[in-house]
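Reproduced below: work_23.txt, with compact mmCIF, C-alpha atoms.
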# COMPACT_ATOMS: atom_id res chain seq x y z
CA MET L 22 104.20 109.24 117.91
CA LYS L 23 104.96 112.96 117.85
CA GLU L 24 101.34 114.08 117.54
CA LEU L 25 98.01 112.67 118.76
CA SER L 26 96.68 113.25 115.24
CA LEU L 27 99.09 110.53 114.04
CA ASN L 28 97.68 108.11 116.64
CA ILE L 29 94.22 109.01 115.36
CA LEU L 30 95.29 108.24 111.78
CA ASP L 31 96.60 104.88 112.96
CA LEU L 32 93.32 104.12 114.78
CA ILE L 33 91.23 104.92 111.70
CA GLU L 34 93.53 102.79 109.52
CA ASN L 35 92.86 99.97 112.02
CA SER L 36 89.11 100.53 111.60
CA VAL L 37 89.42 100.34 107.81
CA ALA L 38 91.60 97.21 108.09
CA ALA L 39 88.77 95.73 110.19
CA LYS L 40 86.43 96.39 107.19
CA ALA L 41 84.64 99.37 108.71
CA SER L 42 82.46 101.31 106.28
CA LYS L 43 81.51 103.96 108.86
CA VAL L 44 83.79 105.81 111.24
CA PHE L 45 82.69 108.46 113.70
CA LEU L 46 85.45 110.56 115.22
CA ASN L 47 84.66 112.94 118.06
CA ILE L 48 87.22 115.28 119.61
CA GLU L 49 86.47 117.58 122.52
CA GLU L 50 88.93 120.13 123.85
CA SER L 51 88.25 122.01 127.05
CA GLU L 52 90.30 123.89 129.64
CA LYS L 53 90.53 120.69 131.70
CA TYR L 54 90.85 117.76 129.33
CA PHE L 55 91.25 116.36 125.84
CA TYR L 56 88.61 113.79 124.97
CA LEU L 57 88.55 111.52 121.94
CA GLU L 58 86.01 108.95 120.89
CA LEU L 59 86.18 106.73 117.83
CA ASN L 60 83.36 104.48 116.79
CA ASP L 61 83.39 102.09 113.83
CA ASP L 62 81.19 99.40 112.33
CA GLY L 63 84.09 97.08 111.54
CA ALA L 64 84.55 93.40 112.33
CA GLY L 65 84.83 94.03 116.07
CA MET L 66 86.59 91.71 118.49
CA LEU L 67 85.79 88.87 120.85
CA GLU L 68 85.97 89.59 124.58
CA GLU L 69 89.30 87.76 124.90
CA GLU L 70 90.72 89.77 121.99
CA VAL L 71 89.68 93.06 123.63
CA SER L 72 91.53 92.05 126.79
CA GLN L 73 94.66 91.45 124.66
CA VAL L 74 94.45 94.57 122.53
CA LEU L 75 96.73 96.66 124.76
CA ASN L 76 99.45 94.01 124.57
CA PRO L 77 102.05 95.19 122.01
CA PHE L 78 102.74 91.59 120.98
CA PHE L 79 99.11 91.00 119.98
CA SER L 80 97.43 91.88 116.70
CA THR L 81 94.16 90.88 115.07
CA LYS L 82 95.70 91.60 111.68
CA GLY L 83 97.76 88.43 111.51
CA LYS L 84 101.10 90.15 112.05
CA LYS L 85 103.45 89.75 114.97
CA VAL L 86 102.87 93.05 116.76
CA GLY L 87 100.07 95.58 117.12
CA LEU L 88 101.50 98.79 118.48
CA GLY L 89 98.71 101.32 117.78
CA LEU L 90 96.62 101.03 120.95
CA PRO L 91 99.57 100.25 123.28
CA PHE L 92 101.12 103.59 122.19
CA ILE L 93 97.94 105.39 123.24
CA LYS L 94 97.72 103.45 126.49
CA GLU L 95 101.26 104.56 127.27
CA ILE L 96 100.28 108.24 126.84
CA ALA L 97 97.17 107.72 129.00
CA ASP L 98 99.24 106.04 131.74
CA MET L 99 101.94 108.73 131.68
CA CYS L 100 99.38 111.51 131.92
CA GLY L 101 96.94 109.97 134.38
CA GLY L 102 94.32 109.69 131.65
CA LYS L 103 91.83 106.96 130.77
CA LEU L 104 91.60 104.65 127.77
CA GLU L 105 88.57 102.44 127.28
CA VAL L 106 88.13 99.92 124.45
CA ASN L 107 84.77 98.26 123.89
CA SER L 108 84.03 95.95 121.01
CA ILE L 109 81.38 93.51 119.86
CA LYS L 110 82.30 90.85 117.34
CA GLY L 111 80.49 91.56 114.08
CA LYS L 112 79.26 94.98 115.23
CA GLY L 113 82.25 97.26 115.64
CA THR L 114 84.60 98.89 118.08
CA ASN L 115 84.40 101.94 120.33
CA ILE L 116 87.48 103.66 121.75
CA LYS L 117 87.36 106.42 124.36
CA LEU L 118 90.39 108.37 125.47
CA GLN L 119 90.49 111.13 128.05
CA LEU L 120 93.68 113.03 128.83
CA PRO L 121 94.09 115.82 131.37
CA LYS L 122 95.46 119.17 130.28
CA GLY L 123 98.81 120.17 131.70
CA CYS L 124 100.60 116.81 131.52
CA ILE L 125 104.17 117.48 130.43
CA ASP L 126 104.27 114.23 128.41
CA LEU L 127 101.10 114.99 126.46
CA PRO L 128 101.92 115.29 122.73
CA PRO L 129 100.15 118.11 120.83
CA LEU L 130 97.09 117.17 118.81
CA GLY L 131 99.05 118.45 115.81
CA ASN L 132 97.87 118.49 112.25
CA ILE L 133 94.44 116.86 112.47
CA THR L 134 93.45 118.28 109.05
CA SER L 135 96.34 116.36 107.48
CA THR L 136 95.11 113.17 109.16
CA LEU L 137 91.58 113.69 107.83
CA VAL L 138 92.76 114.51 104.31
CA SER L 139 94.97 111.39 104.32
CA ILE L 140 91.96 109.26 105.26
CA VAL L 141 89.84 110.81 102.49
CA ALA L 142 92.66 110.35 99.94
CA LEU L 143 93.15 106.69 100.82
CA HIS L 144 89.57 105.68 101.65
CA PRO L 145 87.21 107.84 99.58
CA ASP L 146 84.30 105.43 100.09
CA LEU L 147 84.43 105.57 103.88
CA ASP L 148 81.43 107.14 105.60
CA LEU L 149 83.47 109.43 107.86
CA ILE L 150 81.89 111.80 110.33
CA TYR L 151 84.16 114.10 112.29
CA ASN L 152 82.98 116.24 115.16
CA HIS L 153 85.27 118.69 116.93
CA SER L 154 84.21 120.69 119.99
CA PHE L 155 86.23 123.48 121.46
CA ALA L 156 85.19 125.39 124.57
CA GLY L 157 81.52 124.70 123.94
CA ASN L 158 81.50 125.39 120.17
CA ALA L 159 81.33 122.52 117.70
CA PHE L 160 82.10 121.78 114.07
CA THR L 161 80.87 118.67 112.24
CA PHE L 162 82.09 117.36 108.91
CA SER L 163 80.37 114.56 107.01
CA LEU L 164 82.32 113.10 104.10
CA ASN L 165 79.12 111.80 102.50
CA ASP L 166 77.54 115.27 102.54
CA PHE L 167 80.72 116.72 101.04
CA LYS L 168 80.62 114.10 98.27
CA VAL L 169 77.02 114.99 97.39
CA SER L 170 78.19 118.52 96.53
CA LEU L 171 80.86 117.09 94.22
CA GLU L 172 78.39 115.10 92.08
CA ASP L 173 80.55 112.75 89.93
CA VAL L 174 83.90 114.41 90.65
CA PRO L 175 86.01 112.03 92.79
CA VAL L 176 86.57 113.24 96.35
CA ASN L 177 90.18 112.05 96.20
CA HIS L 178 91.01 114.21 93.16
CA PRO L 179 94.19 116.17 94.16
CA GLN L 180 92.49 119.56 93.67
CA VAL L 181 89.50 118.51 95.78
CA LEU L 182 91.83 117.28 98.53
CA LYS L 183 93.60 120.64 98.55
CA PHE L 184 90.24 122.40 98.83
CA LEU L 185 89.24 120.07 101.66
CA GLU L 186 92.47 120.71 103.56
CA GLU L 187 92.02 124.48 103.36
CA TYR L 188 88.33 124.22 104.27
CA LEU L 189 88.99 122.09 107.37
CA LYS L 190 91.84 124.37 108.49
CA GLU L 191 89.60 127.42 108.19
CA GLN L 192 86.79 125.74 110.12
CA LEU L 193 89.12 124.74 112.96
CA ILE L 194 90.54 128.25 113.22
CA LYS L 195 86.99 129.59 113.27
CA LEU L 196 86.10 127.06 115.97
CA SER L 197 88.69 128.50 118.34
CA GLY L 198 87.66 132.06 117.48
CA GLY L 199 90.89 132.62 115.56
CA ILE L 200 92.90 132.44 118.79
CA PRO L 201 96.39 131.10 118.05
CA ASN L 202 97.14 129.84 121.59
CA GLU L 203 94.40 127.26 121.54
CA ILE L 204 94.43 124.51 124.10
CA PHE L 205 95.93 121.32 122.72
CA GLY L 206 98.37 122.49 120.05
CA ARG L 207 96.00 121.72 117.23
CA PHE L 208 98.09 123.51 114.62
CA LYS L 209 101.49 122.55 115.94
CA GLU L 210 103.45 120.21 113.76
CA ALA L 211 106.03 118.50 115.91
CA MET H 9 86.66 131.38 103.79
CA LYS H 10 85.96 128.42 101.53
CA SER H 11 82.25 128.25 100.71
CA LEU H 12 79.88 125.82 99.02
CA GLU H 13 79.95 128.15 96.00
CA ASP H 14 83.75 127.78 95.81
CA LEU H 15 83.36 124.00 95.91
CA LYS H 16 80.77 124.08 93.12
CA LYS H 17 83.09 126.26 91.01
CA LEU H 18 85.95 123.83 91.55
CA ARG H 19 83.65 120.90 90.69
CA GLU H 20 82.64 122.48 87.36
CA GLN H 21 86.26 123.33 86.56
CA ILE H 22 87.38 119.73 87.20
CA LYS H 23 84.44 118.41 85.14
CA GLU H 24 85.54 120.58 82.18
CA GLU H 25 89.13 119.36 82.52
CA MET H 26 87.94 115.74 82.67
CA LYS H 27 85.96 116.26 79.45
CA ILE H 28 88.83 117.66 77.38
CA ARG H 29 91.67 115.53 78.73
CA GLU H 30 92.56 112.19 77.28
CA HIS H 31 92.94 109.72 80.10
CA GLY H 32 95.76 107.24 79.93
CA GLU H 33 96.29 104.23 82.14
CA ARG H 34 96.33 105.22 85.78
CA VAL H 35 99.51 105.14 87.82
CA LYS H 36 99.15 103.42 91.19
CA ILE H 37 100.96 104.98 94.15
CA THR H 38 100.91 102.96 97.36
CA VAL H 39 102.03 104.44 100.68
CA GLY H 40 102.84 102.23 103.69
CA MET H 41 100.40 103.37 106.38
CA GLY H 42 100.95 100.80 109.10
CA THR H 43 101.80 102.03 112.61
CA THR H 44 105.54 102.07 111.81
CA GLY H 45 104.97 103.89 108.53
CA ILE H 46 102.82 106.56 110.21
CA ALA H 47 105.32 107.00 113.06
CA SER H 48 108.12 107.36 110.49
CA GLY H 49 106.45 110.15 108.52
CA ALA H 50 104.13 108.45 106.00
CA ARG H 51 101.38 111.06 106.50
CA GLU H 52 103.71 113.91 105.52
CA VAL H 53 104.94 111.85 102.54
CA LEU H 54 101.36 111.27 101.41
CA LYS H 55 100.61 114.97 101.82
CA ALA H 56 103.65 115.89 99.68
CA ILE H 57 102.50 113.44 96.97
CA ILE H 58 99.00 114.93 96.90
CA ASN H 59 100.36 118.50 96.84
CA GLU H 60 102.77 117.77 94.00
CA LEU H 61 100.02 116.03 91.97
CA GLU H 62 97.82 119.08 92.55
CA ILE H 63 100.56 121.53 91.51
CA ARG H 64 101.29 119.48 88.34
CA LYS H 65 97.55 119.04 87.62
CA PHE H 66 98.15 115.29 87.25
CA SER H 67 95.13 113.24 88.30
CA ASP H 68 95.51 109.94 86.40
CA VAL H 69 96.55 108.26 89.62
CA GLU H 70 95.15 105.93 92.20
CA ILE H 71 96.51 106.47 95.71
CA LEU H 72 96.41 103.39 97.88
CA GLN H 73 97.67 102.33 101.27
CA THR H 74 99.21 99.19 102.64
CA GLY H 75 100.11 97.97 106.12
CA SER H 76 103.50 96.55 107.02
CA ILE H 77 105.22 94.73 104.12
CA GLY H 78 108.14 93.50 106.23
CA LEU H 79 110.45 96.42 105.49
CA ASP H 80 109.81 98.42 108.67
CA ALA H 81 113.40 99.69 108.86
CA LYS H 82 112.89 101.31 105.44
CA GLU H 83 109.65 103.16 106.28
CA PRO H 84 108.23 105.42 104.96
CA LEU H 85 107.74 103.30 101.85
CA VAL H 86 106.22 104.38 98.54
CA THR H 87 105.47 101.90 95.75
CA VAL H 88 104.85 103.12 92.20
CA GLU H 89 103.18 101.01 89.54
CA ARG H 90 103.39 102.77 86.19
CA PRO H 91 102.20 100.85 83.12
CA GLY H 92 105.18 99.63 81.09
CA LEU H 93 107.68 99.92 83.96
CA PRO H 94 108.67 97.53 86.76
CA VAL H 95 106.82 97.89 90.06
CA VAL H 96 109.22 99.77 92.29
CA THR H 97 109.25 100.40 96.07
CA TYR H 98 111.19 103.36 97.39
CA GLY H 99 112.36 103.43 101.01
CA LEU H 100 113.24 106.00 103.70
CA ILE H 101 111.23 108.58 101.79
CA THR H 102 111.00 112.19 102.94
CA PRO H 103 108.37 114.66 101.67
CA GLU H 104 111.00 116.25 99.40
CA MET H 105 111.90 112.85 97.92
CA ALA H 106 108.20 112.08 97.46
CA ARG H 107 107.79 115.24 95.38
CA ARG H 108 110.68 114.13 93.14
CA ILE H 109 109.17 110.66 92.75
CA VAL H 110 105.92 112.25 91.53
CA VAL H 111 107.69 114.42 88.96
CA GLU H 112 110.33 111.98 87.75
CA HIS H 113 108.69 108.57 88.03
CA VAL H 114 104.91 109.04 88.20
CA ILE H 115 104.68 111.77 85.56
CA ASN H 116 107.84 111.32 83.45
CA GLY H 117 108.45 107.59 83.81
CA GLN H 118 112.03 107.81 85.11
CA ILE H 119 112.77 105.44 88.01
CA ILE H 120 115.08 106.94 90.67
CA GLY H 121 117.41 103.96 91.08
CA GLU H 122 119.31 105.02 94.18
CA TRP H 123 116.18 105.11 96.37
CA VAL H 124 114.75 101.74 95.28
CA VAL H 125 114.54 99.08 98.01
CA ARG H 126 112.46 96.53 96.11
CA SER H 127 111.69 95.99 92.44
CA SER H 128 109.61 93.37 90.63
Rewrite the coordinates I just gave you, this time as structure tokens.
Amino acid sequence: MKELSLNILDLIENSVAAKASKVFLNIEESEKYFYLELNDDGAGMLEEEVSQVLNPFFSTKGKKVGLGLPFIKEIADMCGGKLEVNSIKGKGTNIKLQLPKGCIDLPPLGNITSTLVSIVALHPDLDLIYNHSFAGNAFTFSLNDFKVSLEDVPVNHPQVLKFLEEYLKEQLIKLSGGIPNEIFGRFKEA
Amino acid sequence: MKSLEDLKKLREQIKEEMKIREHGERVKITVGMGTTGIASGAREVLKAIINELEIRKFSDVEILQTGSIGLDAKEPLVTVERPGLPVVTYGLITPEMARRIVVEHVINGQIIGEWVVRSS
């Protein structure tokens, strides 16, 4: 994938496919590393399935291949990072990824707002919480709180999605103090 | 900066539009969002669809996603189900093509034959 934000979209689609109703996405950017954690309350996996999940020829979705996590593992291996997958059958899955800054093979984070808006457009009922920390400052977005402000207007109405995209972009620029050369290429579209 | 007040204003504006508009049957647009679809550009296609719907003020739609449907070489895939027309899947879709699908097929009911990879 050209951007980490596309891998994140793929991971959240996996969570939804595993019947998750809640997804918590945490991203931390610092001078030294990029850290990502994703937590869902989906179907989870058995211990033997977790041990297979990084095998590209394994999938819990009944298809022949499951490339999402192996792609991320490849980035982690190339960059000397760490990927950890923990899951409990019937409870959910937790994924932790840490990548060091300065790896030449590290893709930019890219358009994370587009990933979030895609998730809201396709899964308006998901209880999505997104936390993004940058150099000690943090921004949190709760889809359920956002929906409360909309009353009976659907959150996936095209005009609401446009508002949401602009709002998230503004918040992320504010998070990095308006500095364009922020650490992990958050606004780069490859 | 977008504020809560801006959101409330938008909410009231959409509510007014929903009151005065007659709603027809909804058009279903399905985008292939499996790993191959995402790697091939499905997110940008979805974004173009949403933007074009917003520009045209057309909201009688349901946007859905699907995983792999066995046409990976044709990703990104967009399927349109418009009442009264065959269900059509378009393949190798770019954001520009997606915008045309919204205008011609979703809104005006004209299937773009040369991009169709599956029809039922």
Interatomic distance between CA of Asp98 in chain L and CA of Glu52 in chain L?
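Separation between CA of Asp98 in chain L and CA of Glu52 in chain L: 20.1 Å.
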Residues near Asn60 in chain L, cut-off 6 Å, only C-alpha atoms, skip fewer than 3 positions along chain, as a PyMOL selection string
chain L and resi 44-45+114-115
Within 9 Å of (90.5, 116.8, 92.1) (coordinates as in the file), grab all the protein and nucleic acid residues, counting all atoms listed in the file, and write them out as number ranges by chain.
L: 174-184; H: 18-19, 22, 62, 65, 67
Find the residues around range 111-115 of chain H up to 12 Å (all atoms listed in the file counted), leave out those fewer than 2 positions away in its own chain, and share them as number ranges by chain.
H: 32-38, 56-71, 86-98, 104-109, 117-121, 123-124
Identify all chain L residues at most 6 Å from chain H by counting all atoms listed in the file; ligands do not count. Present them as an MDAnalysis selection string.
chainID L and resid 22 31 143 171 179:180 188
Just the selected residues (C-alpha atoms), exported as a PDB file, keeping the file's coordinate frame, please.
ATOM      1  CA  MET L  22     104.200 109.240 117.910  1.00  0.00           C
ATOM      2  CA  ASP L  31      96.600 104.880 112.960  1.00  0.00           C
ATOM      3  CA  LEU L 143      93.150 106.690 100.820  1.00  0.00           C
ATOM      4  CA  LEU L 171      80.860 117.090  94.220  1.00  0.00           C
ATOM      5  CA  PRO L 179      94.190 116.170  94.160  1.00  0.00           C
ATOM      6  CA  GLN L 180      92.490 119.560  93.670  1.00  0.00           C
ATOM      7  CA  TYR L 188      88.330 124.220 104.270  1.00  0.00           C
TER       8      TYR L 188
END
